[in-house]
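Colleague: Pasting data_15.pdb here (PDB, C-alpha atoms and all ligand atoms):
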```pdb
ATOM      1  CA  MET A   1       0.000   0.000   0.000  1.00  0.00           C
ATOM      2  CA  ASN A   2       1.175   3.459  -0.743  1.00  0.00           C
ATOM      3  CA  LYS A   3       0.870   4.897   2.736  1.00  0.00           C
ATOM      4  CA  LYS A   4       0.652   8.442   1.485  1.00  0.00           C
ATOM      5  CA  SER A   5      -1.984   7.666  -1.130  1.00  0.00           C
ATOM      6  CA  LYS A   6      -5.017   8.676   0.932  1.00  0.00           C
ATOM      7  CA  GLN A   7      -5.005  10.842   4.034  1.00  0.00           C
ATOM      8  CA  ILE A   8      -7.906   9.349   5.908  1.00  0.00           C
ATOM      9  CA  ILE A   9      -9.387   9.840   9.386  1.00  0.00           C
ATOM     10  CA  ILE A  10      -9.219   6.842  11.720  1.00  0.00           C
ATOM     11  CA  ALA A  11     -11.247   6.814  14.951  1.00  0.00           C
ATOM     12  CA  ILE A  12     -10.505   4.487  17.871  1.00  0.00           C
ATOM     13  CA  ASP A  13     -12.917   4.442  20.789  1.00  0.00           C
ATOM     14  CA  GLY A  14     -13.345   2.168  23.758  1.00  0.00           C
ATOM     15  CA  PRO A  15     -13.050   1.942  27.541  1.00  0.00           C
ATOM     16  CA  SER A  16      -9.832   2.721  29.408  1.00  0.00           C
ATOM     17  CA  GLY A  17      -7.249  -0.042  29.429  1.00  0.00           C
ATOM     18  CA  ALA A  18      -8.362  -1.694  26.189  1.00  0.00           C
ATOM     19  CA  GLY A  19      -5.057  -0.767  24.513  1.00  0.00           C
ATOM     20  CA  LYS A  20      -6.250   2.279  22.540  1.00  0.00           C
ATOM     21  CA  SER A  21      -3.221   4.485  23.234  1.00  0.00           C
ATOM     22  CA  THR A  22      -0.626   1.906  22.246  1.00  0.00           C
ATOM     23  CA  LEU A  23      -2.534   0.859  19.137  1.00  0.00           C
ATOM     24  CA  SER A  24      -3.282   4.395  18.078  1.00  0.00           C
ATOM     25  CA  ARG A  25       0.404   5.275  18.319  1.00  0.00           C
ATOM     26  CA  ARG A  26       1.464   2.113  16.484  1.00  0.00           C
ATOM     27  CA  LEU A  27      -1.086   2.703  13.704  1.00  0.00           C
ATOM     28  CA  ALA A  28       0.034   6.309  13.324  1.00  0.00           C
ATOM     29  CA  ASP A  29       3.650   5.097  13.062  1.00  0.00           C
ATOM     30  CA  CYS A  30       2.767   2.486  10.413  1.00  0.00           C
ATOM     31  CA  LEU A  31       0.811   4.995   8.327  1.00  0.00           C
ATOM     32  CA  GLU A  32       3.032   8.020   9.039  1.00  0.00           C
ATOM     33  CA  TYR A  33      -0.049   9.761  10.414  1.00  0.00           C
ATOM     34  CA  ILE A  34      -0.506  12.157  13.330  1.00  0.00           C
ATOM     35  CA  ASN A  35      -1.685  10.534  16.543  1.00  0.00           C
ATOM     36  CA  ILE A  36      -4.176  12.512  18.632  1.00  0.00           C
ATOM     37  CA  ASP A  37      -4.690  11.288  22.189  1.00  0.00           C
ATOM     38  CA  THR A  38      -7.914  13.083  23.104  1.00  0.00           C
ATOM     39  CA  GLY A  39      -7.802  11.791  26.701  1.00  0.00           C
ATOM     40  CA  ALA A  40      -4.535  13.724  27.089  1.00  0.00           C
ATOM     41  CA  MET A  41      -6.387  16.852  25.931  1.00  0.00           C
ATOM     42  CA  TYR A  42      -9.024  16.476  28.670  1.00  0.00           C
ATOM     43  CA  ARG A  43      -6.180  15.818  31.098  1.00  0.00           C
ATOM     44  CA  CYS A  44      -4.577  19.143  30.061  1.00  0.00           C
ATOM     45  CA  VAL A  45      -7.794  20.994  30.922  1.00  0.00           C
ATOM     46  CA  ALA A  46      -7.930  19.222  34.304  1.00  0.00           C
ATOM     47  CA  LEU A  47      -4.282  20.047  35.074  1.00  0.00           C
ATOM     48  CA  THR A  48      -4.808  23.731  34.262  1.00  0.00           C
ATOM     49  CA  ALA A  49      -7.986  23.825  36.362  1.00  0.00           C
ATOM     50  CA  LEU A  50      -6.043  22.386  39.293  1.00  0.00           C
ATOM     51  CA  GLN A  51      -3.124  24.793  38.798  1.00  0.00           C
ATOM     52  CA  GLN A  52      -5.438  27.797  38.554  1.00  0.00           C
ATOM     53  CA  LYS A  53      -7.656  26.511  41.384  1.00  0.00           C
ATOM     54  CA  ILE A  54     -10.762  26.694  39.212  1.00  0.00           C
ATOM     55  CA  ASP A  55     -13.921  25.321  40.773  1.00  0.00           C
ATOM     56  CA  PRO A  56     -14.762  22.053  38.895  1.00  0.00           C
ATOM     57  CA  ASP A  57     -18.435  22.963  39.313  1.00  0.00           C
ATOM     58  CA  ASN A  58     -18.078  26.236  37.399  1.00  0.00           C
ATOM     59  CA  PRO A  59     -18.844  25.384  33.732  1.00  0.00           C
ATOM     60  CA  GLU A  60     -18.273  28.953  32.423  1.00  0.00           C
ATOM     61  CA  GLN A  61     -14.738  29.204  33.794  1.00  0.00           C
ATOM     62  CA  LEU A  62     -13.913  25.657  32.710  1.00  0.00           C
ATOM     63  CA  GLY A  63     -15.246  26.311  29.216  1.00  0.00           C
ATOM     64  CA  ASP A  64     -13.207  29.539  28.898  1.00  0.00           C
ATOM     65  CA  LEU A  65     -10.095  27.744  30.065  1.00  0.00           C
ATOM     66  CA  ALA A  66     -10.678  24.835  27.661  1.00  0.00           C
ATOM     67  CA  ARG A  67     -11.067  27.221  24.717  1.00  0.00           C
ATOM     68  CA  LEU A  68      -7.991  29.280  25.561  1.00  0.00           C
ATOM     69  CA  ILE A  69      -5.363  26.641  26.290  1.00  0.00           C
ATOM     70  CA  ASP A  70      -2.957  25.568  23.582  1.00  0.00           C
ATOM     71  CA  ILE A  71      -2.408  21.806  23.266  1.00  0.00           C
ATOM     72  CA  ASP A  72       0.094  20.259  20.920  1.00  0.00           C
ATOM     73  CA  PHE A  73       1.518  16.764  20.342  1.00  0.00           C
ATOM     74  CA  ARG A  74       5.208  16.547  19.472  1.00  0.00           C
ATOM     75  CA  ARG A  75       7.493  13.701  18.667  1.00  0.00           C
ATOM     76  CA  GLY A  76      11.038  13.860  19.915  1.00  0.00           C
ATOM     77  CA  ALA A  77      13.869  11.629  21.088  1.00  0.00           C
ATOM     78  CA  GLN A  78      11.775  10.711  24.142  1.00  0.00           C
ATOM     79  CA  GLY A  79       8.791   9.637  22.056  1.00  0.00           C
ATOM     80  CA  GLU A  80       5.481  11.446  21.878  1.00  0.00           C
ATOM     81  CA  ARG A  81       5.185  14.462  24.173  1.00  0.00           C
ATOM     82  CA  VAL A  82       2.116  16.451  25.196  1.00  0.00           C
ATOM     83  CA  MET A  83       2.716  20.207  25.212  1.00  0.00           C
ATOM     84  CA  LEU A  84       0.385  22.495  27.163  1.00  0.00           C
ATOM     85  CA  ASN A  85       0.934  26.196  26.427  1.00  0.00           C
ATOM     86  CA  GLY A  86       4.449  25.254  25.315  1.00  0.00           C
ATOM     87  CA  VAL A  87       5.294  23.256  28.457  1.00  0.00           C
ATOM     88  CA  ASP A  88       5.906  19.501  28.382  1.00  0.00           C
ATOM     89  CA  VAL A  89       3.201  17.972  30.650  1.00  0.00           C
ATOM     90  CA  THR A  90       3.408  14.366  29.386  1.00  0.00           C
ATOM     91  CA  ASP A  91       4.065  12.951  32.865  1.00  0.00           C
ATOM     92  CA  THR A  92       2.267  15.551  34.994  1.00  0.00           C
ATOM     93  CA  ILE A  93      -1.105  14.787  33.389  1.00  0.00           C
ATOM     94  CA  ARG A  94      -0.933  11.109  34.471  1.00  0.00           C
ATOM     95  CA  THR A  95      -1.014  11.594  38.249  1.00  0.00           C
ATOM     96  CA  PRO A  96      -4.021  10.131  40.153  1.00  0.00           C
ATOM     97  CA  GLU A  97      -5.068  13.671  41.168  1.00  0.00           C
ATOM     98  CA  VAL A  98      -5.247  14.781  37.530  1.00  0.00           C
ATOM     99  CA  SER A  99      -7.025  11.540  36.506  1.00  0.00           C
ATOM    100  CA  LEU A 100      -9.716  12.144  39.099  1.00  0.00           C
ATOM    101  CA  MET A 101     -10.193  15.770  38.071  1.00  0.00           C
ATOM    102  CA  THR A 102     -10.253  14.721  34.388  1.00  0.00           C
ATOM    103  CA  SER A 103     -13.237  12.426  34.798  1.00  0.00           C
ATOM    104  CA  ARG A 104     -15.111  15.318  36.464  1.00  0.00           C
ATOM    105  CA  ILE A 105     -14.332  18.005  33.898  1.00  0.00           C
ATOM    106  CA  ALA A 106     -14.850  15.589  30.954  1.00  0.00           C
ATOM    107  CA  ALA A 107     -18.536  15.471  31.901  1.00  0.00           C
ATOM    108  CA  VAL A 108     -18.921  19.270  31.568  1.00  0.00           C
ATOM    109  CA  PRO A 109     -20.600  20.192  28.224  1.00  0.00           C
ATOM    110  CA  SER A 110     -18.683  23.498  27.745  1.00  0.00           C
ATOM    111  CA  VAL A 111     -15.377  21.637  28.123  1.00  0.00           C
ATOM    112  CA  ARG A 112     -16.426  18.912  25.680  1.00  0.00           C
ATOM    113  CA  GLU A 113     -17.579  21.482  23.104  1.00  0.00           C
ATOM    114  CA  ALA A 114     -14.214  23.274  23.246  1.00  0.00           C
ATOM    115  CA  MET A 115     -12.269  19.999  22.978  1.00  0.00           C
ATOM    116  CA  VAL A 116     -14.376  18.687  20.092  1.00  0.00           C
ATOM    117  CA  GLU A 117     -13.749  21.934  18.207  1.00  0.00           C
ATOM    118  CA  LYS A 118      -9.975  21.610  18.718  1.00  0.00           C
ATOM    119  CA  GLN A 119     -10.029  17.929  17.735  1.00  0.00           C
ATOM    120  CA  ARG A 120     -11.936  18.670  14.525  1.00  0.00           C
ATOM    121  CA  ALA A 121      -9.491  21.447  13.637  1.00  0.00           C
ATOM    122  CA  MET A 122      -6.551  19.094  14.222  1.00  0.00           C
ATOM    123  CA  GLY A 123      -8.058  16.198  12.271  1.00  0.00           C
ATOM    124  CA  GLU A 124     -10.156  17.592   9.448  1.00  0.00           C
ATOM    125  CA  GLY A 125      -7.320  17.484   6.904  1.00  0.00           C
ATOM    126  CA  GLY A 126      -6.990  13.703   7.358  1.00  0.00           C
ATOM    127  CA  GLY A 127      -3.823  11.704   7.934  1.00  0.00           C
ATOM    128  CA  VAL A 128      -4.787  11.278  11.583  1.00  0.00           C
ATOM    129  CA  VAL A 129      -5.581   8.602  14.123  1.00  0.00           C
ATOM    130  CA  LEU A 130      -7.706   9.918  16.981  1.00  0.00           C
ATOM    131  CA  GLU A 131      -8.371   7.890  20.092  1.00  0.00           C
ATOM    132  CA  GLY A 132     -10.886   8.541  22.822  1.00  0.00           C
ATOM    133  CA  ARG A 133     -14.457   7.795  23.832  1.00  0.00           C
ATOM    134  CA  ASP A 134     -16.581   9.870  21.430  1.00  0.00           C
ATOM    135  CA  ILE A 135     -14.502  10.104  18.258  1.00  0.00           C
ATOM    136  CA  GLY A 136     -16.696   7.947  16.017  1.00  0.00           C
ATOM    137  CA  SER A 137     -19.936   9.097  17.644  1.00  0.00           C
ATOM    138  CA  VAL A 138     -19.427  12.877  18.042  1.00  0.00           C
ATOM    139  CA  VAL A 139     -16.076  14.272  16.862  1.00  0.00           C
ATOM    140  CA  PHE A 140     -15.869  12.581  13.450  1.00  0.00           C
ATOM    141  CA  PRO A 141     -19.103  10.657  12.837  1.00  0.00           C
ATOM    142  CA  ARG A 142     -18.016  10.397   9.205  1.00  0.00           C
ATOM    143  CA  ALA A 143     -14.517   9.073   9.947  1.00  0.00           C
ATOM    144  CA  ASP A 144     -13.238   6.795   7.176  1.00  0.00           C
ATOM    145  CA  VAL A 145     -12.512   3.922   9.552  1.00  0.00           C
ATOM    146  CA  LYS A 146     -13.895   3.460  13.061  1.00  0.00           C
ATOM    147  CA  PHE A 147     -12.725   0.921  15.593  1.00  0.00           C
ATOM    148  CA  PHE A 148     -14.264   0.098  18.939  1.00  0.00           C
ATOM    149  CA  LEU A 149     -11.676  -1.650  21.050  1.00  0.00           C
ATOM    150  CA  ILE A 150     -12.759  -3.662  24.063  1.00  0.00           C
ATOM    151  CA  ALA A 151     -11.355  -6.116  26.617  1.00  0.00           C
ATOM    152  CA  SER A 152     -12.972  -7.579  29.726  1.00  0.00           C
ATOM    153  CA  ALA A 153     -12.747  -5.591  32.972  1.00  0.00           C
ATOM    154  CA  GLU A 154     -10.706  -8.467  34.465  1.00  0.00           C
ATOM    155  CA  GLU A 155      -8.147  -8.327  31.661  1.00  0.00           C
ATOM    156  CA  ARG A 156      -7.929  -4.515  31.754  1.00  0.00           C
ATOM    157  CA  GLY A 157      -7.582  -4.633  35.538  1.00  0.00           C
ATOM    158  CA  ARG A 158      -4.797  -7.216  35.217  1.00  0.00           C
ATOM    159  CA  ARG A 159      -2.973  -5.049  32.650  1.00  0.00           C
ATOM    160  CA  ARG A 160      -3.238  -1.976  34.877  1.00  0.00           C
ATOM    161  CA  HIS A 161      -2.071  -4.011  37.883  1.00  0.00           C
ATOM    162  CA  ALA A 162       0.965  -5.277  35.929  1.00  0.00           C
ATOM    163  CA  GLU A 163       1.779  -1.724  34.748  1.00  0.00           C
ATOM    164  CA  LEU A 164       1.726  -0.443  38.335  1.00  0.00           C
ATOM    165  CA  ALA A 165       3.742  -3.442  39.578  1.00  0.00           C
ATOM    166  CA  ALA A 166       6.389  -2.678  36.916  1.00  0.00           C
ATOM    167  CA  LYS A 167       6.664   0.794  38.453  1.00  0.00           C
ATOM    168  CA  GLY A 168       7.064  -0.764  41.906  1.00  0.00           C
ATOM    169  CA  ILE A 169       3.532   0.203  42.982  1.00  0.00           C
ATOM    170  CA  ASP A 170       1.787  -2.606  44.859  1.00  0.00           C
ATOM    171  CA  VAL A 171      -2.017  -2.479  44.703  1.00  0.00           C
ATOM    172  CA  ASP A 172      -4.734  -5.065  45.204  1.00  0.00           C
ATOM    173  CA  LEU A 173      -5.748  -6.777  41.941  1.00  0.00           C
ATOM    174  CA  GLN A 174      -9.433  -7.099  42.833  1.00  0.00           C
ATOM    175  CA  GLN A 175      -9.533  -3.424  43.787  1.00  0.00           C
ATOM    176  CA  THR A 176      -7.891  -2.470  40.487  1.00  0.00           C
ATOM    177  CA  ILE A 177     -10.535  -4.456  38.584  1.00  0.00           C
ATOM    178  CA  ALA A 178     -13.291  -2.768  40.624  1.00  0.00           C
ATOM    179  CA  GLU A 179     -11.811   0.667  39.759  1.00  0.00           C
ATOM    180  CA  VAL A 180     -11.810  -0.215  36.051  1.00  0.00           C
ATOM    181  CA  GLU A 181     -15.497  -1.146  36.331  1.00  0.00           C
ATOM    182  CA  GLU A 182     -16.245   2.131  38.147  1.00  0.00           C
ATOM    183  CA  ARG A 183     -14.561   4.189  35.417  1.00  0.00           C
ATOM    184  CA  ASP A 184     -16.469   2.251  32.748  1.00  0.00           C
ATOM    185  CA  ALA A 185     -19.743   3.049  34.475  1.00  0.00           C
ATOM    186  CA  ALA A 186     -18.850   6.768  34.764  1.00  0.00           C
ATOM    187  CA  ASP A 187     -17.780   6.968  31.086  1.00  0.00           C
ATOM    188  CA  SER A 188     -20.838   5.098  29.775  1.00  0.00           C
ATOM    189  CA  GLN A 189     -23.504   6.645  31.971  1.00  0.00           C
ATOM    190  CA  ARG A 190     -22.703  10.347  31.742  1.00  0.00           C
ATOM    191  CA  THR A 191     -25.342  12.439  30.001  1.00  0.00           C
ATOM    192  CA  HIS A 192     -23.032  14.267  27.596  1.00  0.00           C
ATOM    193  CA  SER A 193     -21.243  12.100  24.969  1.00  0.00           C
ATOM    194  CA  PRO A 194     -21.237   8.791  26.848  1.00  0.00           C
ATOM    195  CA  LEU A 195     -18.968   6.034  25.624  1.00  0.00           C
ATOM    196  CA  ARG A 196     -20.882   4.034  23.038  1.00  0.00           C
ATOM    197  CA  ARG A 197     -20.126   1.999  19.971  1.00  0.00           C
ATOM    198  CA  THR A 198     -21.667   3.303  16.767  1.00  0.00           C
ATOM    199  CA  GLU A 199     -23.002   0.549  14.548  1.00  0.00           C
ATOM    200  CA  ASP A 200     -20.487   1.285  11.799  1.00  0.00           C
ATOM    201  CA  ALA A 201     -17.506   0.795  14.127  1.00  0.00           C
ATOM    202  CA  VAL A 202     -15.470  -2.384  13.762  1.00  0.00           C
ATOM    203  CA  LEU A 203     -15.459  -4.151  17.115  1.00  0.00           C
ATOM    204  CA  ILE A 204     -12.198  -5.727  18.258  1.00  0.00           C
ATOM    205  CA  ASP A 205     -11.961  -7.688  21.505  1.00  0.00           C
ATOM    206  CA  SER A 206      -8.299  -7.652  22.570  1.00  0.00           C
ATOM    207  CA  ASP A 207      -8.720 -10.113  25.468  1.00  0.00           C
ATOM    208  CA  ASN A 208      -6.738 -12.990  23.993  1.00  0.00           C
ATOM    209  CA  LEU A 209      -4.728 -11.043  21.451  1.00  0.00           C
ATOM    210  CA  SER A 210      -1.269  -9.502  21.552  1.00  0.00           C
ATOM    211  CA  ILE A 211      -0.773  -5.877  20.520  1.00  0.00           C
ATOM    212  CA  ASP A 212       0.789  -7.060  17.251  1.00  0.00           C
ATOM    213  CA  GLU A 213      -2.206  -9.282  16.510  1.00  0.00           C
ATOM    214  CA  VAL A 214      -4.665  -6.431  17.094  1.00  0.00           C
ATOM    215  CA  LEU A 215      -2.504  -4.110  15.013  1.00  0.00           C
ATOM    216  CA  SER A 216      -2.498  -6.463  12.048  1.00  0.00           C
ATOM    217  CA  LYS A 217      -6.294  -6.859  12.229  1.00  0.00           C
ATOM    218  CA  MET A 218      -6.653  -3.081  12.229  1.00  0.00           C
ATOM    219  CA  MET A 219      -4.224  -2.647   9.347  1.00  0.00           C
ATOM    220  CA  ALA A 220      -6.133  -5.245   7.315  1.00  0.00           C
ATOM    221  CA  VAL A 221      -9.386  -3.282   7.785  1.00  0.00           C
ATOM    222  CA  ILE A 222      -7.673   0.013   6.904  1.00  0.00           C
ATOM    223  CA  GLU A 223      -6.079  -1.416   3.773  1.00  0.00           C
ATOM    224  CA  GLN A 224      -9.439  -2.791   2.645  1.00  0.00           C
ATOM    225  CA  ARG A 225     -11.118   0.571   3.209  1.00  0.00           C
ATOM    226  CA  MET A 226      -8.354   2.451   1.433  1.00  0.00           C
ATOM    227  CA  ALA A 227      -8.741   0.125  -1.505  1.00  0.00           C
ATOM    228  CA  GLY A 228     -12.419   1.049  -1.440  1.00  0.00           C
ATOM    229  CA  ASP A 229     -13.740  -2.486  -1.038  1.00  0.00           C
ATOM    230  CA  GLY A 230     -14.105  -2.713   2.721  1.00  0.00           C
ATOM    231  CA  PRO A 231     -17.079  -4.162   4.541  1.00  0.00           C
ATOM    232  CA  GLY A 232     -19.734  -1.887   6.018  1.00  0.00           C
ATOM    233  CA  GLY A 233     -17.989  -2.240   9.344  1.00  0.00           C
ATOM    234  CA  ARG A 234     -20.981  -3.817  11.020  1.00  0.00           C
ATOM    235  CA  GLU A 235     -19.235  -7.003  11.931  1.00  0.00           C
ATOM    236  CA  SER A 236     -16.638  -7.814  14.519  1.00  0.00           C
ATOM    237  CA  VAL A 237     -13.118  -8.740  13.539  1.00  0.00           C
ATOM    238  CA  ASN A 238     -12.178 -11.777  15.617  1.00  0.00           C
TER     239      ASN A 238
HETATM  240  O1  LIG B   1      -8.010   7.845  27.922  1.00  0.00           O
HETATM  241  P1  LIG B   1      -7.674   8.571  29.223  1.00  0.00           P
HETATM  242  O2  LIG B   1      -7.659   7.647  30.435  1.00  0.00           O
HETATM  243  O3  LIG B   1      -6.432   9.387  29.153  1.00  0.00           O
HETATM  244  O4  LIG B   1      -8.885   9.575  29.447  1.00  0.00           O
HETATM  245  C1  LIG B   1      -8.911  10.451  30.544  1.00  0.00           C
HETATM  246  C2  LIG B   1     -10.342  10.804  30.891  1.00  0.00           C
HETATM  247  O5  LIG B   1     -10.928  11.593  29.847  1.00  0.00           O
HETATM  248  C3  LIG B   1     -11.296   9.635  31.143  1.00  0.00           C
HETATM  249  O6  LIG B   1     -12.044   9.929  32.318  1.00  0.00           O
HETATM  250  C4  LIG B   1     -12.217   9.622  29.944  1.00  0.00           C
HETATM  251  C5  LIG B   1     -12.169  11.042  29.425  1.00  0.00           C
HETATM  252  N1  LIG B   1     -12.237  11.140  27.966  1.00  0.00           N
HETATM  253  C6  LIG B   1     -13.421  11.543  27.402  1.00  0.00           C
HETATM  254  O7  LIG B   1     -14.385  11.764  28.133  1.00  0.00           O
HETATM  255  N2  LIG B   1     -13.517  11.702  26.064  1.00  0.00           N
HETATM  256  C7  LIG B   1     -12.472  11.453  25.267  1.00  0.00           C
HETATM  257  N3  LIG B   1     -12.598  11.620  23.944  1.00  0.00           N
HETATM  258  C8  LIG B   1     -11.250  11.029  25.817  1.00  0.00           C
HETATM  259  C9  LIG B   1     -11.168  10.864  27.184  1.00  0.00           C
END
```
I'd like the structure from this file rewritten - as structure tokens, please.
Ligand code: DC
Modeller:
Amino acid sequence: MNKKSKQIIIAIDGPSGAGKSTLSRRLADCLEYINIDTGAMYRCVALTALQQKIDPDNPEQLGDLARLIDIDFRRGAQGERVMLNGVDVTDTIRTPEVSLMTSRIAAVPSVREAMVEKQRAMGEGGGVVLEGRDIGSVVFPRADVKFFLIASAEERGRRRHAELAAKGIDVDLQQTIAEVEERDAADSQRTHSPLRRTEDAVLIDSDNLSIDEVLSKMMAVIEQRMAGDGPGGRESVN
């Protein structure tokens, strides 16, 4: 395939821990596309709100902040970096405090509207992989290829547990699984842009698959679509 032949928009949605970030990055590398981690964008809003001590229950202030901040993704020697108003916040946005604040502010309509506008501006020219919760449903409902990536709560909890253990952080596995289930419920049940699979999204269950196996399934779908003879996307790829 001539990777530069068509600059399409690829949407990846799904719950946290299903492997979206890794796969989105790997797909963007394979296709020489830009990778847009929309969760990182919501995290940037949360970090700024914390730094500026903005009340998370004040939608006007949060909306203003979300519109005004400058978010950029850069690739350097240290991999992909998230830049917030020119400052590298890649690690700062991953703290538990920021994660907690992010799930609160991500439910605020004025914040979502500002983020969706930025995401559309970043992606409308094509040549992008966007990952998040509402890409195929709200941000780019006409994306060329949509994936909905899932894995069981047990498997996602185990992955998270292993990630923390690798960092020397010892947490209870059952509690980690329960936290994954809690986040799923919050993401799926919120009123504004809840996590949901659109019927044209290709469903991939990564439970018993390696990253490379999922990647090759995704690439096969993309190549088919680029060739213009892909399926309607209504079926699962398993
Ligand atoms: O993918 P992540 O864990 O970095 O996402 C952080 C939070 O942002 C999580 O609570 C879900 C939310 N989010 C969202 O509501 N919409 C998106 N498009 C991306 C993330």
Colleague: Each side padded by 3 Å, which centre and which edge lengths in Å (one decimal) define the axis-aligned box around the listed atoms of ligand LIG 1 (chain B)? Give them as JSON.
Modeller:
```
{"center_x": -10.4, "center_y": 9.7, "center_z": 28.1, "size_x": 14.0, "size_y": 10.1, "size_z": 14.4}
```
Colleague: What does the list of residues within 6 Å of ligand LIG 1 (chain B) look like if you count all atoms listed in the file, written as a list in words?
Modeller: Ser16, Thr38, Gly39, Ala40, Tyr42, Thr102, Ser103, Ala106, Gly132, Arg133 and Asp134 of chain A
Colleague: Please expand the PyMOL selection byres (((chain A and resi 79-96) around 8) and not hetatm) into the concrete residues it hits in this file, giving the result as a PDB file with C-alpha atoms, keeping the file's coordinate frame.
Modeller:
```
ATOM      1  CA  ALA A  40      -4.535  13.724  27.089  1.00  0.00           C
ATOM      2  CA  ARG A  43      -6.180  15.818  31.098  1.00  0.00           C
ATOM      3  CA  CYS A  44      -4.577  19.143  30.061  1.00  0.00           C
ATOM      4  CA  LEU A  47      -4.282  20.047  35.074  1.00  0.00           C
ATOM      5  CA  ILE A  69      -5.363  26.641  26.290  1.00  0.00           C
ATOM      6  CA  ASP A  70      -2.957  25.568  23.582  1.00  0.00           C
ATOM      7  CA  ILE A  71      -2.408  21.806  23.266  1.00  0.00           C
ATOM      8  CA  ASP A  72       0.094  20.259  20.920  1.00  0.00           C
ATOM      9  CA  PHE A  73       1.518  16.764  20.342  1.00  0.00           C
ATOM     10  CA  ARG A  74       5.208  16.547  19.472  1.00  0.00           C
ATOM     11  CA  ARG A  75       7.493  13.701  18.667  1.00  0.00           C
ATOM     12  CA  GLY A  76      11.038  13.860  19.915  1.00  0.00           C
ATOM     13  CA  ALA A  77      13.869  11.629  21.088  1.00  0.00           C
ATOM     14  CA  GLN A  78      11.775  10.711  24.142  1.00  0.00           C
ATOM     15  CA  GLU A  97      -5.068  13.671  41.168  1.00  0.00           C
ATOM     16  CA  VAL A  98      -5.247  14.781  37.530  1.00  0.00           C
ATOM     17  CA  SER A  99      -7.025  11.540  36.506  1.00  0.00           C
ATOM     18  CA  LEU A 100      -9.716  12.144  39.099  1.00  0.00           C
TER      19      LEU A 100
END
```
Colleague: Name the residues that the PyMOL selection byres (((chain A and resi 192) around 9) and not hetatm) picks from the file above, as a list of chain:residue names, using the file's chain letters and numbers.
Modeller: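 Written out, the selection comes to A:Ala106, A:Ala107, A:Val108, A:Pro109, A:Arg112, A:Gln189, A:Arg190, A:Thr191, A:Ser193, A:Pro194.
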Colleague: Nearest to Val221 (chain A) among A:Gln119, A:Lys146, A:Glu155, A:Ala18, with distances taken over all atoms listed in the file: which residue is it?
Modeller: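 Looking only at the distances to Val221 (chain A), the closest residue turns out to be A:Lys146.
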Colleague: CA of Gly19 (chain A) and CA of Leu203 (chain A) are how many Å apart?
Modeller: 13.2 Å
Colleague: If the PyMOL selection byres (((chain A and resi 129) around 8) and not hetatm) were run on this exact file, what residues would it hold? Put them as a list in words.
Modeller: Ile9, Ile10, Ala11, Ile12, Ser24, Leu27, Ala28, Tyr33, Ile34, Asn35, Ile36, Gly127, Val128, Leu130 and Glu131 of chain A
Colleague: Which residues are close to region 50-56 of chain A, i.e. within 9 Å by all atoms listed in the file, leaving aside same-chain residues fewer than 2 positions away? Reply as a list in words.
Modeller: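 Final neighbour list, sorted by chain and number: Val45, Ala46, Leu47, Thr48, Asn58, Pro59, Gln61, Leu62, Glu97, Val98, Met101, Arg104, Ile105 and Val108 of chain A.
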Colleague: One decimal, in Å: what's the spacing between CA of Gly125 (chain A) and CA of Pro141 (chain A)?
Modeller: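 Separating CA of Gly125 (chain A) from CA of Pro141 (chain A) is a distance of 14.9 Å.
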Colleague: Could you jot down the CA of Lys6 (chain A) to CA of Gly126 (chain A) separation for me, Å, one decimal place?
Modeller: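 Computing it gives 8.4 Å between the two atoms.
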Colleague: Considering all atoms listed in the file, can you say which of A:Glu124, A:Glu60, A:Val116, A:Asp144 comes closest to Ala227 (chain A)?
Modeller: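 That would be A:Asp144, the residue with the smallest distance to Ala227 (chain A).
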Colleague: Tell me which residues come within 10 Å of (-0.6, 0.2, 19.4), as a CSV table (one decimal) with C-alpha atoms, in the frame of the given file, counting all atoms listed in the file in the file's coordinates.
Modeller:
```
chain,number,residue,atom,x,y,z
A,19,GLY,CA,-5.1,-0.8,24.5
A,20,LYS,CA,-6.2,2.3,22.5
A,21,SER,CA,-3.2,4.5,23.2
A,22,THR,CA,-0.6,1.9,22.2
A,23,LEU,CA,-2.5,0.9,19.1
A,24,SER,CA,-3.3,4.4,18.1
A,25,ARG,CA,0.4,5.3,18.3
A,26,ARG,CA,1.5,2.1,16.5
A,27,LEU,CA,-1.1,2.7,13.7
A,28,ALA,CA,0.0,6.3,13.3
A,29,ASP,CA,3.6,5.1,13.1
A,30,CYS,CA,2.8,2.5,10.4
A,210,SER,CA,-1.3,-9.5,21.6
A,211,ILE,CA,-0.8,-5.9,20.5
A,212,ASP,CA,0.8,-7.1,17.3
A,214,VAL,CA,-4.7,-6.4,17.1
A,215,LEU,CA,-2.5,-4.1,15.0
A,218,MET,CA,-6.7,-3.1,12.2
```
Colleague: Skipping near chain neighbours, those fewer than 4 positions away, what residues fall within 10 Å of Gln175 (chain A) using only C-alpha atoms, listed as number ranges by chain?
Modeller: A: 157, 161, 171, 179-181
Colleague: Calculated over all atoms listed in the file, which of the candidates A:Gly136, A:Gly123, A:Gly17, A:Gly168 has the smallest distance to Ser206 (chain A)?
Modeller: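 Checking each of A:Gly136, A:Gly123, A:Gly17, A:Gly168 against Ser206 (chain A), counting all atoms listed in the file, the winner is A:Gly17.
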